Each structure stands twice: as C-alpha cells, then as structure tokens.
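Have a look at entry24.txt; it's compact mmCIF, C-alpha atoms:
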# COMPACT_ATOMS: atom_id res chain seq x y z
CA MET G 1 3.68 14.87 2.30
CA GLN G 2 3.73 12.98 -1.00
CA SER G 3 1.45 15.58 -2.59
CA ASN G 4 3.78 18.38 -1.46
CA GLN G 5 6.83 16.61 -2.90
CA ASN G 6 5.06 16.09 -6.21
CA SER G 7 4.07 19.77 -6.31
CA GLN G 8 7.68 20.81 -5.69
CA LYS G 9 8.86 18.50 -8.46
CA ARG G 10 6.37 19.95 -10.90
CA THR G 11 7.46 23.47 -9.98
CA GLN G 12 11.12 22.56 -10.47
CA LEU G 13 10.28 20.90 -13.77
CA TYR G 14 8.44 23.99 -15.01
CA LEU G 15 11.33 26.25 -14.00
CA PHE G 16 13.84 23.97 -15.74
CA LEU G 17 11.86 23.71 -18.98
CA SER G 18 11.11 27.44 -18.91
CA ALA G 19 14.81 28.26 -18.48
CA ILE G 20 15.68 26.18 -21.56
CA PHE G 21 12.82 27.77 -23.47
CA LEU G 22 13.72 31.37 -22.58
CA THR G 23 17.49 30.98 -23.03
CA ASN G 24 17.25 29.40 -26.49
CA ALA G 25 14.65 31.92 -27.65
CA LEU G 26 16.75 34.88 -26.47
CA VAL G 27 20.03 33.56 -27.92
CA ALA G 28 18.32 32.88 -31.25
CA GLU G 29 17.30 36.54 -31.49
CA PHE G 30 20.87 37.82 -31.61
CA ALA G 31 22.55 34.82 -33.27
CA GLY G 32 19.95 34.99 -36.03
CA VAL G 33 21.56 38.07 -37.60
CA LYS G 34 23.95 35.82 -39.55
CA ILE G 35 22.74 33.85 -42.55
CA PHE G 36 24.95 30.86 -43.29
CA SER G 37 25.28 28.43 -46.18
CA LEU G 38 24.42 24.84 -45.32
CA GLU G 39 26.13 23.64 -48.50
CA LYS G 40 29.43 25.31 -47.57
CA LEU G 41 29.18 23.95 -44.03
CA LEU G 42 28.83 20.41 -45.38
CA GLY G 43 31.41 20.92 -48.13
CA LEU G 44 28.81 20.58 -50.89
CA MET G 45 28.20 22.46 -54.10
CA PRO G 46 25.40 25.07 -54.06
CA ALA G 47 22.03 23.33 -54.45
CA GLN G 48 20.74 25.78 -57.10
CA LEU G 49 17.24 24.30 -56.94
CA PRO G 50 14.67 25.71 -59.39
CA PHE G 51 12.63 28.52 -57.84
CA PHE G 52 9.84 30.64 -59.25
CA GLY G 53 10.81 33.71 -61.23
CA GLY G 54 13.68 31.83 -62.85
CA GLN G 55 15.75 32.13 -59.67
CA LYS G 56 17.78 29.39 -58.01
CA LEU G 57 17.29 28.27 -54.42
CA ASP G 58 20.34 27.59 -52.22
CA LEU G 59 20.23 26.18 -48.69
CA ASN G 60 20.76 29.34 -46.66
CA LEU G 61 19.64 29.49 -43.02
CA SER G 62 19.65 31.94 -40.15
CA VAL G 63 21.97 30.82 -37.33
CA GLY G 64 19.13 31.41 -34.88
CA VAL G 65 16.93 28.91 -36.69
CA VAL G 66 19.39 26.10 -35.89
CA ILE G 67 18.40 26.08 -32.21
CA TRP G 68 14.80 27.21 -32.67
CA PRO G 69 13.37 23.64 -32.87
CA ILE G 70 14.52 23.21 -29.27
CA VAL G 71 12.14 26.01 -28.29
CA PHE G 72 9.19 24.24 -29.86
CA LEU G 73 10.22 20.86 -28.49
CA VAL G 74 10.29 22.31 -24.98
CA SER G 75 7.06 24.16 -25.69
CA ASP G 76 5.38 20.85 -26.50
CA LEU G 77 6.67 19.32 -23.27
CA ILE G 78 5.36 22.29 -21.27
CA ASN G 79 2.02 21.95 -23.05
CA GLU G 80 1.94 18.25 -22.30
CA TYR G 81 2.50 18.63 -18.56
CA PHE G 82 1.24 22.14 -17.79
CA GLY G 83 -1.32 22.82 -20.50
CA ARG G 84 -1.92 25.90 -22.61
CA ASN G 85 -1.74 28.19 -19.58
CA GLY G 86 1.79 26.98 -18.89
CA VAL G 87 2.83 27.71 -22.48
CA ARG G 88 1.14 31.12 -22.52
CA LYS G 89 2.82 32.12 -19.26
CA ILE G 90 6.37 31.36 -20.38
CA SER G 91 5.65 32.76 -23.87
CA PHE G 92 4.63 36.15 -22.48
CA ILE G 93 7.55 36.15 -20.01
CA THR G 94 9.97 35.36 -22.84
CA ALA G 95 8.44 38.06 -25.04
CA GLY G 96 8.90 40.53 -22.17
CA MET G 97 12.55 39.54 -21.76
CA ILE G 98 13.13 39.88 -25.50
CA ALA G 99 11.56 43.35 -25.41
CA TRP G 100 13.79 44.24 -22.46
CA SER G 101 16.82 43.04 -24.42
CA PHE G 102 15.69 45.28 -27.26
CA LEU G 103 15.83 48.32 -24.96
CA ILE G 104 19.27 47.37 -23.62
CA VAL G 105 20.64 46.97 -27.14
CA LEU G 106 19.02 50.21 -28.27
CA ALA G 107 20.77 52.06 -25.45
CA GLY G 108 24.04 50.18 -25.98
CA THR G 109 24.27 51.15 -29.64
CA ALA G 110 23.35 54.78 -28.90
CA VAL G 111 25.98 55.58 -26.24
CA PRO G 112 29.29 57.06 -27.52
CA PRO G 113 32.23 54.60 -27.66
CA ALA G 114 35.34 55.07 -25.53
CA GLY G 115 38.35 56.26 -27.52
CA PHE G 116 40.78 53.63 -26.17
CA TRP G 117 38.30 50.84 -27.02
CA GLN G 118 38.19 51.99 -30.65
CA GLU G 119 41.97 52.36 -30.78
CA LEU G 120 42.61 48.88 -29.35
CA ASN G 121 40.29 47.42 -31.97
CA SER G 122 41.16 49.69 -34.89
CA THR G 123 42.50 46.91 -37.16
CA ASP G 124 41.37 43.41 -38.10
CA PRO G 125 43.67 40.34 -37.85
CA SER G 126 45.07 41.16 -41.31
CA GLY G 127 45.97 44.71 -40.30
CA ASN G 128 43.22 46.40 -42.30
CA PRO G 129 41.37 49.40 -40.78
CA PHE G 130 38.41 48.30 -38.73
CA ASP G 131 35.63 50.31 -37.08
CA ILE G 132 34.52 48.19 -34.14
CA ASN G 133 31.77 50.58 -33.10
CA PHE G 134 30.26 50.47 -36.59
CA ALA G 135 30.46 46.66 -36.54
CA TYR G 136 28.91 46.51 -33.06
CA THR G 137 26.08 48.83 -34.05
CA SER G 138 25.45 47.09 -37.39
CA ILE G 139 25.22 43.63 -35.87
CA PHE G 140 23.09 44.53 -32.88
CA ARG G 141 20.84 46.93 -34.81
CA ALA G 142 20.23 44.12 -37.31
CA GLY G 143 19.39 41.94 -34.33
CA MET G 144 16.88 44.55 -33.24
CA GLY G 145 15.04 44.12 -36.52
CA ILE G 146 14.86 40.42 -35.80
CA ILE G 147 13.61 41.16 -32.29
CA ILE G 148 10.75 43.29 -33.60
CA GLY G 149 9.82 40.71 -36.21
CA SER G 150 10.18 37.78 -33.89
CA LEU G 151 8.08 39.33 -31.13
CA ALA G 152 5.13 39.34 -33.49
CA ALA G 153 5.96 35.96 -35.04
CA PHE G 154 6.93 34.38 -31.72
CA LEU G 155 3.75 35.22 -29.84
CA VAL G 156 1.44 34.33 -32.72
CA SER G 157 3.23 31.07 -33.56
CA GLN G 158 3.57 30.05 -29.90
CA LEU G 159 -0.12 30.58 -29.20
CA ILE G 160 -1.05 28.73 -32.38
CA ASP G 161 1.36 25.93 -31.47
CA ALA G 162 -0.19 25.64 -28.00
CA TYR G 163 -3.72 25.63 -29.40
CA ALA G 164 -2.90 23.09 -32.14
CA PHE G 165 -1.12 20.84 -29.62
CA HIS G 166 -4.08 21.02 -27.23
CA TYR G 167 -6.58 20.40 -30.04
CA LEU G 168 -4.70 17.33 -31.30
CA LYS G 169 -4.34 16.05 -27.74
CA ALA G 170 -8.10 16.37 -27.26
CA LEU G 171 -8.57 14.21 -30.36
CA THR G 172 -5.95 11.58 -29.53
CA GLY G 173 -5.96 11.57 -25.71
CA SER G 174 -2.69 10.35 -24.23
CA LYS G 175 -1.81 8.46 -27.43
CA LYS G 176 0.11 9.65 -30.50
CA LEU G 177 2.42 12.14 -28.82
CA TRP G 178 4.33 12.29 -32.11
CA LEU G 179 1.24 13.55 -33.94
CA ARG G 180 0.48 16.48 -31.65
CA ALA G 181 4.14 17.43 -31.24
CA THR G 182 4.99 17.34 -34.94
CA GLY G 183 1.58 18.51 -36.13
CA SER G 184 1.55 21.61 -33.95
CA THR G 185 5.08 22.52 -35.09
CA VAL G 186 4.20 22.06 -38.77
CA ILE G 187 1.29 24.49 -38.40
CA SER G 188 2.89 27.13 -36.19
CA GLN G 189 6.25 27.24 -37.98
CA LEU G 190 4.61 28.01 -41.29
CA ILE G 191 3.74 31.37 -39.76
CA ASP G 192 6.91 31.88 -37.75
CA SER G 193 9.31 31.10 -40.60
CA PHE G 194 7.95 33.77 -42.93
CA VAL G 195 6.59 36.49 -40.63
CA ILE G 196 9.88 37.10 -38.85
CA LEU G 197 11.85 37.32 -42.11
CA PHE G 198 9.26 39.59 -43.70
CA ILE G 199 9.32 42.09 -40.82
CA ALA G 200 13.02 41.88 -39.89
CA PHE G 201 14.65 41.76 -43.31
CA TYR G 202 12.02 43.13 -45.74
CA LEU G 203 10.17 45.86 -43.86
CA LEU G 204 13.09 46.80 -41.59
CA GLY G 205 15.97 45.55 -43.74
CA ASN G 206 17.13 45.51 -47.34
CA TRP G 207 15.98 42.09 -48.56
CA SER G 208 13.76 41.56 -51.58
CA MET G 209 10.50 39.63 -51.20
CA GLN G 210 12.05 36.85 -53.24
CA GLN G 211 14.90 36.48 -50.76
CA VAL G 212 12.38 36.37 -47.91
CA LEU G 213 10.46 33.57 -49.64
CA GLN G 214 13.63 31.65 -50.51
CA VAL G 215 15.15 31.71 -47.01
CA GLY G 216 11.73 31.24 -45.38
CA LEU G 217 11.06 28.12 -47.44
CA VAL G 218 14.44 26.62 -46.57
CA GLN G 219 14.02 27.43 -42.88
CA TYR G 220 10.49 26.04 -42.76
CA THR G 221 11.65 22.83 -44.44
CA TYR G 222 14.51 22.57 -41.94
CA LYS G 223 12.21 23.08 -38.94
CA VAL G 224 9.65 20.52 -40.10
CA THR G 225 12.36 17.98 -40.97
CA LEU G 226 14.05 18.44 -37.60
CA ALA G 227 10.70 18.24 -35.80
CA ILE G 228 10.20 14.81 -37.34
CA LEU G 229 13.77 13.69 -36.57
CA LEU G 230 13.44 14.88 -32.95
CA THR G 231 10.33 12.76 -32.33
CA PRO G 232 12.32 10.02 -30.51
CA LEU G 233 13.84 12.72 -28.29
CA ILE G 234 10.34 13.90 -27.30
CA TYR G 235 9.43 10.37 -26.24
CA LEU G 236 12.72 10.04 -24.35
CA ALA G 237 12.11 13.37 -22.57
CA HIS G 238 8.52 12.30 -21.82
CA TRP G 239 9.77 9.06 -20.27
CA GLY G 240 12.42 10.89 -18.22
CA ILE G 241 9.92 13.43 -16.91
CA ASP G 242 7.43 10.72 -15.96
CA TRP G 243 10.19 8.89 -14.12
CA TYR G 244 11.25 12.08 -12.33
CA LEU G 245 7.71 12.96 -11.25
CA THR G 246 6.90 9.45 -9.96
CA LYS G 247 10.30 8.72 -8.41
CA LYS G 248 10.08 8.52 -4.64
CA ALA G 249 12.47 10.62 -2.58
CA ASP G 250 15.26 8.71 -0.83
Output the file's structure in the form of structure tokens.
Amino acid sequence: MQSNQNSQKRTQLYLFLSAIFLTNALVAEFAGVKIFSLEKLLGLMPAQLPFFGGQKLDLNLSVGVVIWPIVFLVSDLINEYFGRNGVRKISFITAGMIAWSFLIVLAGTAVPPAGFWQELNSTDPSGNPFDINFAYTSIFRAGMGIIIGSLAAFLVSQLIDAYAFHYLKALTGSKKLWLRATGSTVISQLIDSFVILFIAFYLLGNWSMQQVLQVGLVQYTYKVTLAILLTPLIYLAHWGIDWYLTKKAD
C-alpha cells in the first residue's frame, strides 16, 4: 500500500515538473521574438561596454531568455529524482510539441485573413494605418526561426545538461547539489545561448555575426548569473519534494 502511494506521488511529481518544463519552454519560443533593453527597463544609461571590433556592448536580451533558467532548474530537479531517462523523455516530448507548434503557426500565417478582421484592426492607437496580418505574420514567422534554431539548441543543450548533471552527481554523490545544478547549466547554456541565435537570427534572419555574439554573450552571462542566484531555490524545491514524497497520507 505504502509502495503504491509512493509510486503515485512520484508519477504526480513527474507530471507536475514536466508541465512546468514544457510550458516555459514553449512560451519562450514565441516570446523570444522580442529583444529588449535591460538598461531601459531599469532606467539606466546604455552600458556601452568595450567589445571586439571596436563595437560597444549593451545589455540586450531576448524576452524568452528571461524564463529559460526555469526550464533548466526544473530539468535539474527531474534529473535529480528521475535520472537522465526522465530528462530525455520530457525533452523529446517538448521538442515534439515545439515542432507541432511550428506546423500550426506555419498554417496560421499562410491562410488568408478575413476582411472584417483587417478592417477592425486597420489603425493603431494613434490612428496611423496598420496592417495586422503583416504584423501577425512577421511576429510569428520570426518565432518560427527561433523554433528551428531552438529545436537544435534545445535538444543538444538538454542532453548535455543531463549528462553533465549525472556526471557531477556520480562524482559528488548526494552532496553538493549546487555544484551539479550550476555546473551543468554553465556547460549546457554555453551551447544553447549561441546556437539558437546563430540559426534563428543569422542563418534565418538578418542579424550580423557580431550581433549574434553580442546578444549571445549577454544572454549567457544572464543565465549563468541567474543559475547561481537560484541555487537557494533549488535547495528549497529539493526539500519540498523530499517532504512531499515522504509525507504520509492522512
């Protein structure tokens, strides 16, 4: 009886973590079309940090990157409790759902718009002419570039993250959760941060290689910094999961 209850709890836990993982990964694909300025958000002057080639580096990030550390935090928790097989399973399921979303968006941008829909949305709030179908297609087609790039980057980085996490766990045992969680993210995100930008915005977009390197560097720095800052949250989640799994039913 106790064994059956524990099995049910583990199944529910995996479904819950997988839902968070999949939802954040999918939302990041489409939200990531927009690049925002961290300096403007914080009310600061542009950083203008020295960058190679005589260029200046500002703190520009993809909106999708903001929530991406959650994906890797959850990935580490899945790896901790369900091993590499658990991570691989949800990674391939998520990749499949992203690919499915790609097909839906491809069809959605290809179908002809209804006349009344264009008329109702023919001006912006200032009264200027506005082509909503062009805007819709531009945004979602840009998102499709991110989908293609991220499918490659996502699967590679996730599998590397799972392997690095497992390798560090084999070295440290049950100790130093912070090391395997942060260490695996540092390694995997080096690939993810640049591969997705290279494919989505360089090969399939209109960015220069320099812009890819600039934004990639900022995003990688952000991910690593946040991975370190989220370390207490990993321990808190670990404690909560242990309590949930060992808690006796009323």
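Shortest separation to G:Val65 among G:Ala162, G:Val105, G:Leu26, G:Val111 occurs at residue G:Leu26, atoms counted being all atoms listed in the file.
Closest approach to G:Asp161 from the set G:Leu190, G:Ala95, G:Val27, G:Met209 is made by G:Leu190, with distances taken over all atoms listed in the file.
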Exercise for review: Tell me, as an MDAnalysis selection string, which residues lie within 10 Å of stretch 13-24 of chain G, counting all atoms listed in the file; anything in the same chain fewer than 3 positions away does not count.
Suggested key: chainID G and resid 7:10 27:29 64 67:75 77:78 81:82 86:87 89:91 93:95 97:98 241 244:245
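Here atom CA of G:Ala114 is placed at a distance of 28.2 Å from atom CA of G:Gly205.
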**Study point:** Close residues, G:Pro46 itself excluded, 10 Å, all atoms listed in the file, min 5 positions apart in chain, as a list in words
**Key:** Ser37, Leu38, Glu39, Lys40, Lys56, Leu57, Asp58, Leu59 and Asn60 of chain G
Emit the selected residues as an mmCIF file, keeping the file's coordinate frame, including C-alpha atoms.
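Output file out-v3.cif is given in full below:
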data_model
loop_
_atom_site.group_PDB
_atom_site.id
_atom_site.type_symbol
_atom_site.label_atom_id
_atom_site.label_comp_id
_atom_site.auth_asym_id
_atom_site.auth_seq_id
_atom_site.Cartn_x
_atom_site.Cartn_y
_atom_site.Cartn_z
ATOM 1 C CA SER G 37 25.280 28.430 -46.180
ATOM 2 C CA LEU G 38 24.420 24.840 -45.320
ATOM 3 C CA GLU G 39 26.130 23.640 -48.500
ATOM 4 C CA LYS G 40 29.430 25.310 -47.570
ATOM 5 C CA LYS G 56 17.780 29.390 -58.010
ATOM 6 C CA LEU G 57 17.290 28.270 -54.420
ATOM 7 C CA ASP G 58 20.340 27.590 -52.220
ATOM 8 C CA LEU G 59 20.230 26.180 -48.690
ATOM 9 C CA ASN G 60 20.760 29.340 -46.660
#
